[in-house]
Amino acid sequence: MAIPCKNSRTSMFFLILSLGLCLVITSAELQRFDHPAKQDGSLSFLVVGDWGRRGDFNQSQVAFQMGKIGEKLDIDFVVSTGDNFYDNGLTSEHDTAFEESFTKIYTEKSLQKQWYSVLGNHDYRGDAEAQLSPLLRKIDSRWLCLRSFIVNTELAEIFFVDTTPLVDKYFTNADEHTYDWRGIAPRKAYIANLLKDVELALKKSSAKWKIVVGHHAIRSVGHHGDTQELINQLLPILRVNDVDFYMNGHDHCLEHVSDLESPIQFLTSGAGSKAWRGDVKELNKEGLNFFYDGQGFMSVKLNPTDAEIAFYDVYGKVLHRLNASKQLHPSI
Ligand SMILES: *[C@@H]1O[C@H](CO)[C@@H](O)[C@H](O)[C@H]1NC(C)=O
Ligand SMILES: *[C@@H]1O[C@H](CO)[C@@H](O)[C@H](O)[C@H]1NC(C)=O
């Protein structure tokens with residue numbers, strides 16, 4: 001009679017084990033995409049943000065220079081830091097702004113690569129789900145936009161984080177604009193899950209370079225300044241998990257700020273079209289290395305020991321460079 005008892009205990013054990021596994025699996029929800037680095041073990045890509053204006057405000061000039069630098073660096077893909085379509089995202093997956101601001105603008109040969117995009121706050125003012133739709137990938141196969149996901153190149157892992165739902169003012173002072181919060185509610189649970197997923201994925205990563213991409217800046221001296229919600233909730237996770245770079249848009253400028261408490265470098269590339277706002281925050285300038293108020297973009301070149309990052313203006317002129325090394329501390 002002891003045997004069935006033992007069996008039921010064993011099956012109880014397996015039930016608990018599989019429930020446990022199930023929980024682990026459901027919390028590791030971030031979708032992953034493999035994008036192998038080059039044969040020689042290097043990887044390069046461009047980063048642009050805040051761009052979709054049917055070519056206006058120098059968007060086309062920035063696109064042309066991205067094409068030239070993209071060719072020179074033989075880029076593997078392009079990263080978009082969000083605010084993909086102005087002023088209010090896309091109206092639907094049939095909105096012609098998709099082709100007028102993306103397909104017909106980034107026409108250079110070197111830019112015919114995969115684009116990985118997050119959503120910005122302006123994208124949430126339209127039909128946010130339209131940008132995530134597989135139909136857009138049929139219209140232009142370069143397009144891939146999801147809320148939060150991971151691109152794994154082995155050399156580097158890039159964690160794309162949906163930052164808009166973390167920012168309180170879009171929920172508390174939303175009178176001016178309407179936001180498409182489908183898929184976000186309940187907000188508290190959405191944020192908690194997102195942060196848990198990001199933390200878990202960062203912890204598990206064995207990539208040489210860990211890069212996090214979001215729309216909102218953690219640190220910025222531009223118009224919008226620091227994002228306190230990200231400083232409080234996201235930054236601590238990045239600091240303890242050896243993240244090398246945090247890349248964002250939102251402020252329509254180019255900037256490089258160093259974290260004073262970790263090796264993290266904050267890199268803003270939100271200058272894909274309208275810029276020249278003319279108001280630099282005199283507030284928190286700690287760690288500021290570079291700020292440019294005009295249009296442009298950023299390039300990233302990685303190998304197992306070195307990272308080279310550069311910022312360019314509308315003429316393709318290099319405005320600022322930074323190098324980081326895996327053997328030494330980042331040399332700025
Ligand atoms: C386009 O770029 C040039 C060079 O930076 C700048 O002088 C001009 O004001 C820009 N145009 C707009 C609309 O921002
Ligand atoms: C970064 O590294 C490259 C390649 O080794 C070098 O040409 C460049 O001068 C370095 N730049 C800085 C700012 O250290």
# chains A, B, ... in the order shown; residues from 1 in each chain; ligands from 1
call {"tool": "select_by_dssp", "arguments": {"residues": "range 179-280 of chain A", "states": "alpha helix (DSSP H)", "output": "ChimeraX atom specification"}}
result
/A:187-204,228-233,235-240
call {"tool": "write_last_selection", "arguments": {"atoms": "C-alpha atoms", "output": "PDB file, in the first residue's frame"}}
result
ATOM      1  CA  ARG A 187      -0.699  49.224 -16.414  1.00  0.00           C
ATOM      2  CA  LYS A 188       0.898  48.203 -13.119  1.00  0.00           C
ATOM      3  CA  ALA A 189       1.029  44.536 -14.109  1.00  0.00           C
ATOM      4  CA  TYR A 190       2.285  45.396 -17.606  1.00  0.00           C
ATOM      5  CA  ILE A 191       5.206  47.401 -16.179  1.00  0.00           C
ATOM      6  CA  ALA A 192       6.007  44.800 -13.509  1.00  0.00           C
ATOM      7  CA  ASN A 193       6.075  42.004 -16.095  1.00  0.00           C
ATOM      8  CA  LEU A 194       8.118  44.030 -18.537  1.00  0.00           C
ATOM      9  CA  LEU A 195      10.778  44.910 -15.959  1.00  0.00           C
ATOM     10  CA  LYS A 196      10.888  41.316 -14.725  1.00  0.00           C
ATOM     11  CA  ASP A 197      11.291  40.013 -18.292  1.00  0.00           C
ATOM     12  CA  VAL A 198      14.073  42.481 -19.043  1.00  0.00           C
ATOM     13  CA  GLU A 199      15.885  41.695 -15.807  1.00  0.00           C
ATOM     14  CA  LEU A 200      15.640  37.945 -16.345  1.00  0.00           C
ATOM     15  CA  ALA A 201      16.849  38.193 -19.937  1.00  0.00           C
ATOM     16  CA  LEU A 202      19.769  40.464 -18.987  1.00  0.00           C
ATOM     17  CA  LYS A 203      20.772  38.136 -16.183  1.00  0.00           C
ATOM     18  CA  LYS A 204      20.816  35.135 -18.516  1.00  0.00           C
ATOM     19  CA  GLN A 228      12.595  59.945 -13.585  1.00  0.00           C
ATOM     20  CA  GLU A 229      10.458  56.809 -13.971  1.00  0.00           C
ATOM     21  CA  LEU A 230      13.307  55.130 -15.885  1.00  0.00           C
ATOM     22  CA  ILE A 231      15.948  56.332 -13.417  1.00  0.00           C
ATOM     23  CA  ASN A 232      13.899  54.786 -10.612  1.00  0.00           C
ATOM     24  CA  GLN A 233      12.715  51.586 -12.246  1.00  0.00           C
ATOM     25  CA  LEU A 235      18.366  52.021 -14.449  1.00  0.00           C
ATOM     26  CA  PRO A 236      18.969  49.904 -11.302  1.00  0.00           C
ATOM     27  CA  ILE A 237      18.351  46.756 -13.397  1.00  0.00           C
ATOM     28  CA  LEU A 238      20.792  47.908 -16.082  1.00  0.00           C
ATOM     29  CA  ARG A 239      23.471  48.792 -13.521  1.00  0.00           C
ATOM     30  CA  VAL A 240      23.549  45.403 -11.803  1.00  0.00           C
TER      31      VAL A 240
END
call {"tool": "closest_atom_pairs", "arguments": {"of": "chain A", "to": "ligand 1", "cutoff": "8 Å", "atoms": "only C-alpha atoms and all ligand atoms", "output": "Markdown table"}}
result
| residue | atom | partner | partner_atom_place_in_ligand_line | distance |
| --- | --- | --- | --- | --- |
| A:Asp56 | CA | ligand 1 | 13 (C) | 7.2 |
| A:Phe57 | CA | ligand 1 | 13 (C) | 4.0 |
| A:Asn58 | CA | ligand 1 | 1 (C) | 5.0 |
| A:Gln61 | CA | ligand 1 | 1 (C) | 7.8 |
| A:Ser273 | CA | ligand 1 | 14 (O) | 7.3 |
| A:Lys274 | CA | ligand 1 | 14 (O) | 5.7 |
| A:Ala275 | CA | ligand 1 | 14 (O) | 5.7 |
| A:Trp276 | CA | ligand 1 | 14 (O) | 6.2 |
| A:Gly294 | CA | ligand 1 | 5 (O) | 6.0 |
| A:Gln295 | CA | ligand 1 | 5 (O) | 6.5 |
| A:Asp313 | CA | ligand 1 | 5 (O) | 6.9 |
| A:Val314 | CA | ligand 1 | 5 (O) | 5.9 |
| A:Tyr315 | CA | ligand 1 | 4 (C) | 7.5 |
call {"tool": "residues_near_ligand", "arguments": {"ligand": "ligand 2", "cutoff": "9 Å", "atoms": "only C-alpha atoms and all ligand atoms", "output": "number ranges by chain"}}
result
A: 306-309, 320-324, 331-332
call {"tool": "select_by_dssp", "arguments": {"residues": "range 170-269 of chain A", "states": "strand (DSSP E or B)", "output": "PyMOL selection string"}}
result
chain A and resi 209-214+245-248+254-258+265-269
call {"tool": "closest_residue", "arguments": {"among": "A:Phe33, A:Thr172, A:Ser262, A:Met247", "to": "Ser299 in chain A", "atoms": "only C-alpha atoms"}}
result
A:Met247
call {"tool": "residues_around", "arguments": {"residues": "Phe98 in chain A", "least_positions_apart": "3", "cutoff": "10 Å", "atoms": "only C-alpha atoms", "output": "PDB file with N, CA and C atoms, in the first residue's frame"}}
result
ATOM      1  N   GLY A  52       9.691  60.045 -38.796  1.00  0.00           N
ATOM      2  CA  GLY A  52       8.730  59.984 -39.909  1.00  0.00           C
ATOM      3  C   GLY A  52       7.951  61.247 -40.211  1.00  0.00           C
ATOM      4  N   ARG A  54       7.566  62.443 -43.736  1.00  0.00           N
ATOM      5  CA  ARG A  54       7.487  62.459 -45.210  1.00  0.00           C
ATOM      6  C   ARG A  54       8.677  63.186 -45.847  1.00  0.00           C
ATOM      7  N   ASN A  84       8.193  56.926 -34.721  1.00  0.00           N
ATOM      8  CA  ASN A  84       8.442  56.527 -36.101  1.00  0.00           C
ATOM      9  C   ASN A  84       7.603  57.340 -37.091  1.00  0.00           C
ATOM     10  N   PHE A  85       6.389  57.719 -36.670  1.00  0.00           N
ATOM     11  CA  PHE A  85       5.502  58.460 -37.572  1.00  0.00           C
ATOM     12  C   PHE A  85       4.862  59.629 -36.832  1.00  0.00           C
ATOM     13  N   GLY A  89       1.472  58.915 -34.902  1.00  0.00           N
ATOM     14  CA  GLY A  89       1.635  57.509 -35.290  1.00  0.00           C
ATOM     15  C   GLY A  89       0.946  57.205 -36.610  1.00  0.00           C
ATOM     16  N   LEU A  90       0.524  55.971 -36.794  1.00  0.00           N
ATOM     17  CA  LEU A  90      -0.232  55.572 -37.984  1.00  0.00           C
ATOM     18  C   LEU A  90      -1.716  55.505 -37.622  1.00  0.00           C
ATOM     19  N   THR A  91      -2.575  55.834 -38.600  1.00  0.00           N
ATOM     20  CA  THR A  91      -4.020  55.753 -38.338  1.00  0.00           C
ATOM     21  C   THR A  91      -4.513  54.312 -38.426  1.00  0.00           C
ATOM     22  N   SER A  92      -3.841  53.517 -39.252  1.00  0.00           N
ATOM     23  CA  SER A  92      -4.180  52.089 -39.383  1.00  0.00           C
ATOM     24  C   SER A  92      -3.024  51.435 -40.123  1.00  0.00           C
ATOM     25  N   GLU A  93      -3.108  50.129 -40.314  1.00  0.00           N
ATOM     26  CA  GLU A  93      -2.031  49.466 -41.056  1.00  0.00           C
ATOM     27  C   GLU A  93      -2.073  49.819 -42.550  1.00  0.00           C
ATOM     28  N   HIS A  94      -3.119  50.516 -42.969  1.00  0.00           N
ATOM     29  CA  HIS A  94      -3.208  50.942 -44.375  1.00  0.00           C
ATOM     30  C   HIS A  94      -2.798  52.405 -44.560  1.00  0.00           C
ATOM     31  N   ASP A  95      -2.370  53.050 -43.484  1.00  0.00           N
ATOM     32  CA  ASP A  95      -1.969  54.466 -43.551  1.00  0.00           C
ATOM     33  C   ASP A  95      -0.790  54.609 -44.518  1.00  0.00           C
ATOM     34  N   SER A 101       6.808  57.949 -45.324  1.00  0.00           N
ATOM     35  CA  SER A 101       7.818  58.367 -44.341  1.00  0.00           C
ATOM     36  C   SER A 101       8.922  57.336 -44.125  1.00  0.00           C
ATOM     37  N   PHE A 102       8.700  56.111 -44.587  1.00  0.00           N
ATOM     38  CA  PHE A 102       9.700  55.056 -44.385  1.00  0.00           C
ATOM     39  C   PHE A 102      10.212  54.509 -45.732  1.00  0.00           C
ATOM     40  N   THR A 103       9.364  53.757 -46.413  1.00  0.00           N
ATOM     41  CA  THR A 103       9.790  53.061 -47.639  1.00  0.00           C
ATOM     42  C   THR A 103      10.392  54.005 -48.682  1.00  0.00           C
ATOM     43  N   LYS A 104       9.728  55.149 -48.889  1.00  0.00           N
ATOM     44  CA  LYS A 104      10.166  56.056 -49.952  1.00  0.00           C
ATOM     45  C   LYS A 104      11.257  57.032 -49.507  1.00  0.00           C
ATOM     46  N   GLN A 131       1.475  49.466 -36.143  1.00  0.00           N
ATOM     47  CA  GLN A 131       2.922  49.389 -36.404  1.00  0.00           C
ATOM     48  C   GLN A 131       3.498  48.012 -36.088  1.00  0.00           C
ATOM     49  N   LEU A 136       2.449  45.262 -42.322  1.00  0.00           N
ATOM     50  CA  LEU A 136       3.485  46.241 -42.680  1.00  0.00           C
ATOM     51  C   LEU A 136       4.750  45.530 -43.161  1.00  0.00           C
ATOM     52  N   ILE A 139       4.287  44.834 -46.709  1.00  0.00           N
ATOM     53  CA  ILE A 139       4.442  46.026 -47.556  1.00  0.00           C
ATOM     54  C   ILE A 139       5.933  46.347 -47.712  1.00  0.00           C
ATOM     55  N   ASP A 140       6.687  46.263 -46.613  1.00  0.00           N
ATOM     56  CA  ASP A 140       8.131  46.533 -46.646  1.00  0.00           C
ATOM     57  C   ASP A 140       8.807  45.550 -45.687  1.00  0.00           C
ATOM     58  N   TRP A 143      10.748  46.121 -42.242  1.00  0.00           N
ATOM     59  CA  TRP A 143      10.119  46.635 -41.027  1.00  0.00           C
ATOM     60  C   TRP A 143       9.903  45.562 -39.963  1.00  0.00           C
TER      61      TRP A 143
END
call {"tool": "closest_atom_pairs", "arguments": {"of": "range 173-267 of chain A", "to": "range 109-129 of chain A", "cutoff": "6 Å", "atoms": "only C-alpha atoms", "output": "CSV"}}
result
residue,atom,partner,partner_atom,distance
A:Thr178,CA,A:Arg125,CA,5.7
A:Tyr179,CA,A:Arg125,CA,4.5
A:Asp180,CA,A:Tyr124,CA,5.3
A:His215,CA,A:Gly120,CA,5.4
call {"tool": "closest_residue", "arguments": {"among": "A:Val161, A:Ile150, A:Val79, A:Leu319", "to": "Val48 in chain A", "atoms": "only C-alpha atoms"}}
result
A:Val79
call {"tool": "residues_around", "arguments": {"residues": "Val167 in chain A", "least_positions_apart": "3", "cutoff": "8 Å", "atoms": "only C-alpha atoms", "output": "list in words"}}
result
Thr163, Thr164, Tyr170, Phe171, Thr227 and Glu229 of chain A
call {"tool": "residues_around", "arguments": {"residues": "Val257 in chain A", "least_positions_apart": "6", "cutoff": "6 Å", "atoms": "only C-alpha atoms", "output": "PyMOL selection string"}}
result
chain A and resi 266+287-289
call {"tool": "write_last_selection", "arguments": {"atoms": "C-alpha atoms", "output": "PDB file, in the first residue's frame"}}
result
ATOM      1  CA  PHE A 266      23.692  56.968 -22.318  1.00  0.00           C
ATOM      2  CA  GLY A 287      28.560  63.123 -16.977  1.00  0.00           C
ATOM      3  CA  LEU A 288      27.733  65.115 -20.126  1.00  0.00           C
ATOM      4  CA  ASN A 289      30.298  64.505 -22.876  1.00  0.00           C
TER       5      ASN A 289
END
call {"tool": "closest_residue", "arguments": {"among": "A:Val280, A:Leu144, A:Ile264, A:Leu155", "to": "Asp40 in chain A", "atoms": "only C-alpha atoms"}}
result
A:Leu155
call {"tool": "closest_residue", "arguments": {"among": "A:Ser80, A:Thr107, A:Gln31, A:Ser141", "to": "Lys68 in chain A", "atoms": "only C-alpha atoms"}}
result
A:Thr107
call {"tool": "atom_distance", "arguments": {"atom1": "CA of Phe290 in chain A", "atom2": "CA of Leu254 in chain A"}}
result
7.8 Å
call {"tool": "closest_residue", "arguments": {"among": "A:Asp175, A:Asp83, A:Glu261, A:Glu108", "to": "Phe64 in chain A", "atoms": "only C-alpha atoms"}}
result
A:Glu108
